[in-house]
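A.B. asks: My structure is in structure_16.cif, and what it holds is mmCIF, C-alpha atoms:
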```cif
data_work
#
loop_
_atom_site.group_PDB
_atom_site.id
_atom_site.type_symbol
_atom_site.label_atom_id
_atom_site.label_comp_id
_atom_site.auth_asym_id
_atom_site.auth_seq_id
_atom_site.Cartn_x
_atom_site.Cartn_y
_atom_site.Cartn_z
ATOM 1 C CA MET A 6 0.000 0.000 0.000
ATOM 2 C CA THR A 7 1.344 3.433 -0.897
ATOM 3 C CA GLU A 8 2.039 6.122 1.671
ATOM 4 C CA GLN A 9 -0.764 8.212 0.119
ATOM 5 C CA ALA A 10 -3.285 5.405 0.633
ATOM 6 C CA ARG A 11 -2.106 4.859 4.220
ATOM 7 C CA LYS A 12 -2.594 8.548 4.983
ATOM 8 C CA LEU A 13 -6.062 8.515 3.452
ATOM 9 C CA PHE A 14 -7.052 5.446 5.488
ATOM 10 C CA ASP A 15 -5.776 7.163 8.628
ATOM 11 C CA LYS A 16 -7.955 10.149 7.772
ATOM 12 C CA ALA A 17 -10.912 7.843 7.091
ATOM 13 C CA ASN A 18 -10.528 6.180 10.488
ATOM 14 C CA ARG A 19 -10.278 9.570 12.198
ATOM 15 C CA ALA A 20 -13.420 10.687 10.363
ATOM 16 C CA VAL A 21 -15.345 7.638 11.644
ATOM 17 C CA HIS A 22 -14.199 8.409 15.179
ATOM 18 C CA ALA A 23 -15.174 12.076 14.795
ATOM 19 C CA ALA A 24 -18.602 11.055 13.467
ATOM 20 C CA GLU A 25 -19.176 8.846 16.508
ATOM 21 C CA THR A 26 -18.108 11.650 18.854
ATOM 22 C CA LEU A 27 -20.340 14.195 17.146
ATOM 23 C CA LEU A 28 -23.331 11.855 17.198
ATOM 24 C CA LYS A 29 -22.831 11.115 20.903
ATOM 25 C CA GLY A 30 -22.677 14.872 21.457
ATOM 26 C CA GLY A 31 -26.068 15.350 19.813
ATOM 27 C CA ASP A 32 -24.905 16.661 16.412
ATOM 28 C CA PRO A 33 -26.248 14.223 13.802
ATOM 29 C CA ASP A 34 -25.990 16.778 10.981
ATOM 30 C CA PHE A 35 -22.240 17.236 11.480
ATOM 31 C CA ALA A 36 -21.718 13.537 12.238
ATOM 32 C CA ALA A 37 -23.206 12.719 8.823
ATOM 33 C CA GLY A 38 -20.547 14.852 7.166
ATOM 34 C CA ARG A 39 -17.739 13.004 8.907
ATOM 35 C CA ALA A 40 -19.286 9.610 8.044
ATOM 36 C CA TYR A 41 -19.435 10.644 4.394
ATOM 37 C CA TYR A 42 -15.833 11.823 4.424
ATOM 38 C CA ALA A 43 -14.686 8.516 5.896
ATOM 39 C CA MET A 44 -16.113 6.779 2.817
ATOM 40 C CA PHE A 45 -14.781 9.466 0.502
ATOM 41 C CA TYR A 46 -11.216 9.151 1.849
ATOM 42 C CA ALA A 47 -11.366 5.353 1.512
ATOM 43 C CA ALA A 48 -12.560 5.697 -2.093
ATOM 44 C CA GLU A 49 -9.713 8.140 -2.757
ATOM 45 C CA ALA A 50 -7.233 5.656 -1.250
ATOM 46 C CA LEU A 51 -8.435 2.901 -3.575
ATOM 47 C CA LEU A 52 -8.206 5.172 -6.592
ATOM 48 C CA ALA A 53 -4.785 6.482 -5.551
ATOM 49 C CA GLU A 54 -3.478 2.915 -5.592
ATOM 50 C CA ARG A 55 -4.470 2.820 -9.260
ATOM 51 C CA GLY A 56 -2.764 6.136 -9.927
ATOM 52 C CA VAL A 57 -6.048 8.010 -10.317
ATOM 53 C CA ARG A 58 -6.721 11.337 -8.563
ATOM 54 C CA PHE A 59 -9.536 13.863 -8.830
ATOM 55 C CA ARG A 60 -10.395 17.261 -7.392
ATOM 56 C CA LYS A 61 -14.192 17.000 -7.404
ATOM 57 C CA HIS A 62 -16.424 14.751 -5.353
ATOM 58 C CA GLY A 63 -18.505 13.764 -8.358
ATOM 59 C CA SER A 64 -15.404 12.628 -10.208
ATOM 60 C CA VAL A 65 -14.322 10.446 -7.264
ATOM 61 C CA HIS A 66 -17.835 8.994 -7.038
ATOM 62 C CA ALA A 67 -17.914 8.179 -10.753
ATOM 63 C CA ALA A 68 -14.398 6.718 -10.836
ATOM 64 C CA PHE A 69 -15.060 4.590 -7.746
ATOM 65 C CA GLY A 70 -18.210 3.272 -9.410
ATOM 66 C CA GLU A 71 -16.367 2.517 -12.637
ATOM 67 C CA HIS A 72 -13.212 0.963 -11.165
ATOM 68 C CA PHE A 73 -14.677 -0.901 -8.199
ATOM 69 C CA ALA A 74 -18.489 -1.266 -8.253
ATOM 70 C CA LYS A 75 -19.364 -1.854 -11.919
ATOM 71 C CA SER A 76 -16.351 -4.104 -12.396
ATOM 72 C CA GLY A 77 -17.376 -6.226 -9.400
ATOM 73 C CA VAL A 78 -14.091 -5.682 -7.560
ATOM 74 C CA LEU A 79 -16.103 -4.560 -4.527
ATOM 75 C CA ASP A 80 -19.775 -4.994 -3.723
ATOM 76 C CA SER A 81 -21.802 -2.316 -5.518
ATOM 77 C CA LYS A 82 -23.519 -1.464 -2.214
ATOM 78 C CA TYR A 83 -20.428 0.560 -1.293
ATOM 79 C CA HIS A 84 -20.948 2.823 -4.284
ATOM 80 C CA ARG A 85 -24.611 3.296 -3.323
ATOM 81 C CA TRP A 86 -23.608 4.055 0.274
ATOM 82 C CA LEU A 87 -21.052 6.630 -0.898
ATOM 83 C CA LEU A 88 -23.625 8.404 -3.062
ATOM 84 C CA ASP A 89 -26.322 8.285 -0.360
ATOM 85 C CA ALA A 90 -23.883 9.548 2.277
ATOM 86 C CA TYR A 91 -22.974 12.455 0.016
ATOM 87 C CA ASP A 92 -26.652 13.420 -0.229
ATOM 88 C CA GLN A 93 -27.014 13.187 3.554
ATOM 89 C CA ARG A 94 -23.895 15.314 4.051
ATOM 90 C CA ILE A 95 -25.360 17.996 1.812
ATOM 91 C CA LEU A 96 -28.563 17.974 3.869
ATOM 92 C CA GLY A 97 -26.617 18.154 7.111
ATOM 93 C CA ASP A 98 -24.204 20.851 5.980
ATOM 94 C CA TYR A 99 -26.563 23.136 4.107
ATOM 95 C CA GLY A 100 -30.018 22.445 5.496
ATOM 96 C CA VAL A 101 -31.309 24.767 8.187
ATOM 97 C CA GLU A 102 -33.758 22.236 9.566
ATOM 98 C CA GLY A 103 -32.291 19.318 11.487
ATOM 99 C CA VAL A 104 -33.709 16.567 9.273
ATOM 100 C CA LEU A 105 -31.174 13.819 9.934
ATOM 101 C CA THR A 106 -32.085 11.516 12.792
ATOM 102 C CA LYS A 107 -29.632 9.930 15.207
ATOM 103 C CA GLU A 108 -30.740 6.517 13.955
ATOM 104 C CA ASP A 109 -30.112 7.407 10.302
ATOM 105 C CA VAL A 110 -26.681 8.800 11.077
ATOM 106 C CA ALA A 111 -25.770 5.849 13.316
ATOM 107 C CA ARG A 112 -26.524 3.622 10.302
ATOM 108 C CA MET A 113 -24.334 5.864 8.108
ATOM 109 C CA ILE A 114 -21.480 5.538 10.594
ATOM 110 C CA GLU A 115 -21.780 1.738 10.550
ATOM 111 C CA GLN A 116 -21.757 1.829 6.758
ATOM 112 C CA ALA A 117 -18.701 4.090 6.801
ATOM 113 C CA ARG A 118 -16.899 1.717 9.154
ATOM 114 C CA GLU A 119 -17.700 -1.260 6.893
ATOM 115 C CA PHE A 120 -16.771 0.688 3.739
ATOM 116 C CA VAL A 121 -13.366 1.693 5.125
ATOM 117 C CA SER A 122 -12.705 -1.839 6.362
ATOM 118 C CA ALA A 123 -13.621 -3.428 3.015
ATOM 119 C CA ALA A 124 -11.483 -0.931 1.087
ATOM 120 C CA ARG A 125 -8.466 -1.510 3.335
ATOM 121 C CA ARG A 126 -8.923 -5.290 3.202
ATOM 122 C CA HIS A 127 -9.033 -5.123 -0.607
ATOM 123 C CA LEU A 128 -5.752 -3.211 -0.790
ATOM 124 C CA GLU A 129 -4.076 -5.494 1.727
ATOM 125 C CA LEU A 130 -5.098 -8.547 -0.319
ATOM 126 C CA MET A 131 -3.714 -6.912 -3.461
ATOM 127 C CA SER A 132 -0.314 -6.299 -1.807
#
```
Have the structure of the file written as structure tokens, please.

C.D. replies:
Amino acid sequence: MTEQARKLFDKANRAVHAAETLLKGGDPDFAAGRAYYAMFYAAEALLAERGVRFRKHGSVHAAFGEHFAKSGVLDSKYHRWLLDAYDQRILGDYGVEGVLTKEDVARMIEQAREFVSAARRHLELMS
């Protein structure tokens, strides 16, 4: 695994931890953002291992779908979770009404934890 991927996985793990802390503190909107970023960093790590980098979220989403979900390298549910988490992050970051529930965000955090774990496991198996 490259140093870049290791750093991104470290960031992903820190984002999961931050999401848990924020949710426990009663901030589901902000916790959703951290759960999304955990998945995003893991997707970036996978793409970095293939020598692919992007500046925009949509480009990372599309490339992850192309390289890992559509090809069957990883379960396509991870792509769906990444896209759904992005939508939830947007609601949490930009919405003025607190529409995200603790239960919904707790599920997002579990998905983020599984996503990061599956991505890391994939890279470790490829090494």

A.B. asks: Build an axis-aligned box that encloses every atom of range 16-34 of chain A listed in the file, pad it by 5 Å on each side, and report its centre and edge lengths in Å to one decimal, as JSON.

C.D. replies:
```
{"center_x": -17.1, "center_y": 11.5, "center_z": 14.3, "size_x": 28.3, "size_y": 20.6, "size_z": 24.4}
```

A.B. asks: Between range 23-47 of chain A and range 90-112 of chain A, at 8 Å or less, what are the per-residue closest atom pairs and their distances in Å? Count all atoms listed in the file, order by chain and rising residue number, and return it as a Markdown table.

C.D. replies:
```
| residue | atom | partner | partner_atom | distance |
| --- | --- | --- | --- | --- |
| A:Glu25 | CA | A:Ala111 | CA | 7.9 |
| A:Leu28 | CA | A:Lys107 | CA | 6.9 |
| A:Gly31 | CA | A:Lys107 | CA | 8.0 |
| A:Pro33 | CA | A:Lys107 | CA | 5.6 |
| A:Asp34 | CA | A:Gly97 | CA | 4.2 |
| A:Phe35 | CA | A:Gly97 | CA | 6.3 |
| A:Ala36 | CA | A:Val110 | CA | 7.0 |
| A:Ala37 | CA | A:Arg94 | CA | 5.5 |
| A:Gly38 | CA | A:Arg94 | CA | 4.6 |
| A:Ala40 | CA | A:Ala90 | CA | 7.4 |
| A:Tyr41 | CA | A:Ala90 | CA | 5.0 |
```

A.B. asks: Could those selected residues go to a file with C-alpha atoms, as an mmCIF file, in the coordinates of the input?

C.D. replies:
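selection.cif written:
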```cif
data_model
loop_
_atom_site.group_PDB
_atom_site.id
_atom_site.type_symbol
_atom_site.label_atom_id
_atom_site.label_comp_id
_atom_site.auth_asym_id
_atom_site.auth_seq_id
_atom_site.Cartn_x
_atom_site.Cartn_y
_atom_site.Cartn_z
ATOM 1 C CA GLU A 25 -19.176 8.846 16.508
ATOM 2 C CA LEU A 28 -23.331 11.855 17.198
ATOM 3 C CA GLY A 31 -26.068 15.350 19.813
ATOM 4 C CA PRO A 33 -26.248 14.223 13.802
ATOM 5 C CA ASP A 34 -25.990 16.778 10.981
ATOM 6 C CA PHE A 35 -22.240 17.236 11.480
ATOM 7 C CA ALA A 36 -21.718 13.537 12.238
ATOM 8 C CA ALA A 37 -23.206 12.719 8.823
ATOM 9 C CA GLY A 38 -20.547 14.852 7.166
ATOM 10 C CA ALA A 40 -19.286 9.610 8.044
ATOM 11 C CA TYR A 41 -19.435 10.644 4.394
#
```

A.B. asks: Pick out the closest residue to Ala48 in chain A from this set: A:Arg125, A:Lys75, A:Lys82, A:His22. Count all atoms listed in the file.

C.D. replies: A:Arg125

A.B. asks: Using the chain letters and numbers from this file, what does the PyMOL selection byres ((chain A and resi 17) around 7) select? Give the answer as a list in words.

C.D. replies: Leu13, Phe14, Asp15, Lys16, Asn18, Arg19, Ala20, Val21, Tyr42, Ala43, Met44, Tyr46, Ala47 and Val121 of chain A

A.B. asks: I'd like the contact shell of Ser132 in chain A - 12 Å cut-off, only C-alpha atoms, skipping same-chain residues fewer than 5 positions apart - returned as a ChimeraX atom specification.

C.D. replies: /A:6-7,54,125-127

A.B. asks: Would you work out the distance separating CA of Val65 in chain A from CA of Gln116 in chain A, expressed in Å to one decimal?

C.D. replies: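 Value for the CA of Val65 in chain A-CA of Gln116 in chain A distance: 18.1 Å.
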
A.B. asks: Write out as JSON, numbers by chain each polymer residue whose atoms come within 12 Å of Lys61 in chain A, counting all atoms listed in the file; drop sequence neighbours fewer than 6 positions from it.

C.D. replies: {"A": [45, 49, 67, 68]}

A.B. asks: Include C-alpha atoms and write out the residues we just selected as a compact mmCIF listing (two decimals), in the frame of the given file.

C.D. replies:
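Output file selection.txt is given in full below:
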```txt
# COMPACT_ATOMS: atom_id res chain seq x y z
CA PHE A 45 -14.78 9.47 0.50
CA GLU A 49 -9.71 8.14 -2.76
CA ALA A 67 -17.91 8.18 -10.75
CA ALA A 68 -14.40 6.72 -10.84
```

A.B. asks: Given the choices A:Leu79, A:Leu87, A:Ala50, A:Ala74, which gets closest to His62 in chain A if the distance is worked out from all atoms listed in the file?

C.D. replies: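 Closest to His62 in chain A, using all atoms listed in the file: A:Leu87.
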
A.B. asks: Just how far from CA of Ala53 in chain A is CA of Gln9 in chain A, in Å to one decimal?

C.D. replies: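 Rounded to one decimal, the two atoms are 7.2 Å apart.
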
A.B. asks: Report the distance between CA of Gly30 in chain A and CA of Arg118 in chain A in Å, rounded to one decimal place.

C.D. replies: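 Computing the Euclidean distance for CA of Gly30 in chain A and CA of Arg118 in chain A yields 18.9 Å.
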
A.B. asks: Please, which residues are within 12 Å of (-26.2, 3.1, -9.1) by the file's coordinates, counting all atoms listed in the file, and could they come as a list in words?

C.D. replies: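 Checked against the point, the hits come out as His66, Ala67, Phe69, Gly70, Glu71, Ala74, Lys75, Asp80, Ser81, Lys82, Tyr83, His84, Arg85, Trp86, Leu87, Leu88 and Asp89 of chain A.
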
A.B. asks: Could you please take those selected residues and save C-alpha atoms as a PDB file, in the frame of the given file?

C.D. replies:
```
ATOM      1  CA  HIS A  66     -17.835   8.994  -7.038  1.00  0.00           C
ATOM      2  CA  ALA A  67     -17.914   8.179 -10.753  1.00  0.00           C
ATOM      3  CA  PHE A  69     -15.060   4.590  -7.746  1.00  0.00           C
ATOM      4  CA  GLY A  70     -18.210   3.272  -9.410  1.00  0.00           C
ATOM      5  CA  GLU A  71     -16.367   2.517 -12.637  1.00  0.00           C
ATOM      6  CA  ALA A  74     -18.489  -1.266  -8.253  1.00  0.00           C
ATOM      7  CA  LYS A  75     -19.364  -1.854 -11.919  1.00  0.00           C
ATOM      8  CA  ASP A  80     -19.775  -4.994  -3.723  1.00  0.00           C
ATOM      9  CA  SER A  81     -21.802  -2.316  -5.518  1.00  0.00           C
ATOM     10  CA  LYS A  82     -23.519  -1.464  -2.214  1.00  0.00           C
ATOM     11  CA  TYR A  83     -20.428   0.560  -1.293  1.00  0.00           C
ATOM     12  CA  HIS A  84     -20.948   2.823  -4.284  1.00  0.00           C
ATOM     13  CA  ARG A  85     -24.611   3.296  -3.323  1.00  0.00           C
ATOM     14  CA  TRP A  86     -23.608   4.055   0.274  1.00  0.00           C
ATOM     15  CA  LEU A  87     -21.052   6.630  -0.898  1.00  0.00           C
ATOM     16  CA  LEU A  88     -23.625   8.404  -3.062  1.00  0.00           C
ATOM     17  CA  ASP A  89     -26.322   8.285  -0.360  1.00  0.00           C
TER      18      ASP A  89
END
```

A.B. asks: Complete range 98-115 of chain A at the level of N, CA and C atoms, written as a PDB file, keeping the file's coordinate frame.

C.D. replies:
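So the final result, stored in rebuild-v5.pdb, reads:
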```
ATOM      1  N   ASP A  98     -25.042  19.653   6.053  1.00  0.00           N
ATOM      2  CA  ASP A  98     -24.204  20.851   5.980  1.00  0.00           C
ATOM      3  C   ASP A  98     -24.975  22.101   5.585  1.00  0.00           C
ATOM      4  N   TYR A  99     -25.920  21.952   4.677  1.00  0.00           N
ATOM      5  CA  TYR A  99     -26.563  23.136   4.107  1.00  0.00           C
ATOM      6  C   TYR A  99     -28.014  23.326   4.518  1.00  0.00           C
ATOM      7  N   GLY A 100     -28.632  22.302   5.054  1.00  0.00           N
ATOM      8  CA  GLY A 100     -30.018  22.445   5.496  1.00  0.00           C
ATOM      9  C   GLY A 100     -30.093  23.221   6.797  1.00  0.00           C
ATOM     10  N   VAL A 101     -31.132  24.001   6.950  1.00  0.00           N
ATOM     11  CA  VAL A 101     -31.309  24.767   8.187  1.00  0.00           C
ATOM     12  C   VAL A 101     -32.191  24.028   9.185  1.00  0.00           C
ATOM     13  N   GLU A 102     -32.933  23.070   8.699  1.00  0.00           N
ATOM     14  CA  GLU A 102     -33.758  22.236   9.566  1.00  0.00           C
ATOM     15  C   GLU A 102     -32.971  20.974   9.887  1.00  0.00           C
ATOM     16  N   GLY A 103     -32.976  20.555  11.121  1.00  0.00           N
ATOM     17  CA  GLY A 103     -32.291  19.318  11.487  1.00  0.00           C
ATOM     18  C   GLY A 103     -33.115  18.113  11.045  1.00  0.00           C
ATOM     19  N   VAL A 104     -32.882  17.635   9.830  1.00  0.00           N
ATOM     20  CA  VAL A 104     -33.709  16.567   9.273  1.00  0.00           C
ATOM     21  C   VAL A 104     -33.100  15.177   9.454  1.00  0.00           C
ATOM     22  N   LEU A 105     -31.833  15.115   9.789  1.00  0.00           N
ATOM     23  CA  LEU A 105     -31.174  13.819   9.934  1.00  0.00           C
ATOM     24  C   LEU A 105     -31.381  13.310  11.364  1.00  0.00           C
ATOM     25  N   THR A 106     -31.851  12.078  11.466  1.00  0.00           N
ATOM     26  CA  THR A 106     -32.085  11.516  12.792  1.00  0.00           C
ATOM     27  C   THR A 106     -30.833  10.824  13.305  1.00  0.00           C
ATOM     28  N   LYS A 107     -30.765  10.647  14.612  1.00  0.00           N
ATOM     29  CA  LYS A 107     -29.632   9.930  15.207  1.00  0.00           C
ATOM     30  C   LYS A 107     -29.555   8.512  14.661  1.00  0.00           C
ATOM     31  N   GLU A 108     -30.708   7.888  14.461  1.00  0.00           N
ATOM     32  CA  GLU A 108     -30.740   6.517  13.955  1.00  0.00           C
ATOM     33  C   GLU A 108     -30.185   6.435  12.539  1.00  0.00           C
ATOM     34  N   ASP A 109     -30.604   7.383  11.684  1.00  0.00           N
ATOM     35  CA  ASP A 109     -30.112   7.407  10.302  1.00  0.00           C
ATOM     36  C   ASP A 109     -28.592   7.602  10.262  1.00  0.00           C
ATOM     37  N   VAL A 110     -28.103   8.504  11.078  1.00  0.00           N
ATOM     38  CA  VAL A 110     -26.681   8.800  11.077  1.00  0.00           C
ATOM     39  C   VAL A 110     -25.890   7.658  11.715  1.00  0.00           C
ATOM     40  N   ALA A 111     -26.443   7.015  12.729  1.00  0.00           N
ATOM     41  CA  ALA A 111     -25.770   5.849  13.316  1.00  0.00           C
ATOM     42  C   ALA A 111     -25.598   4.760  12.258  1.00  0.00           C
ATOM     43  N   ARG A 112     -26.610   4.589  11.408  1.00  0.00           N
ATOM     44  CA  ARG A 112     -26.524   3.622  10.302  1.00  0.00           C
ATOM     45  C   ARG A 112     -25.444   4.054   9.303  1.00  0.00           C
ATOM     46  N   MET A 113     -25.377   5.346   9.004  1.00  0.00           N
ATOM     47  CA  MET A 113     -24.334   5.864   8.108  1.00  0.00           C
ATOM     48  C   MET A 113     -22.938   5.584   8.670  1.00  0.00           C
ATOM     49  N   ILE A 114     -22.783   5.762   9.967  1.00  0.00           N
ATOM     50  CA  ILE A 114     -21.480   5.538  10.594  1.00  0.00           C
ATOM     51  C   ILE A 114     -21.099   4.066  10.493  1.00  0.00           C
ATOM     52  N   GLU A 115     -22.055   3.177  10.699  1.00  0.00           N
ATOM     53  CA  GLU A 115     -21.780   1.738  10.550  1.00  0.00           C
ATOM     54  C   GLU A 115     -21.394   1.417   9.107  1.00  0.00           C
TER      55      GLU A 115
END
```
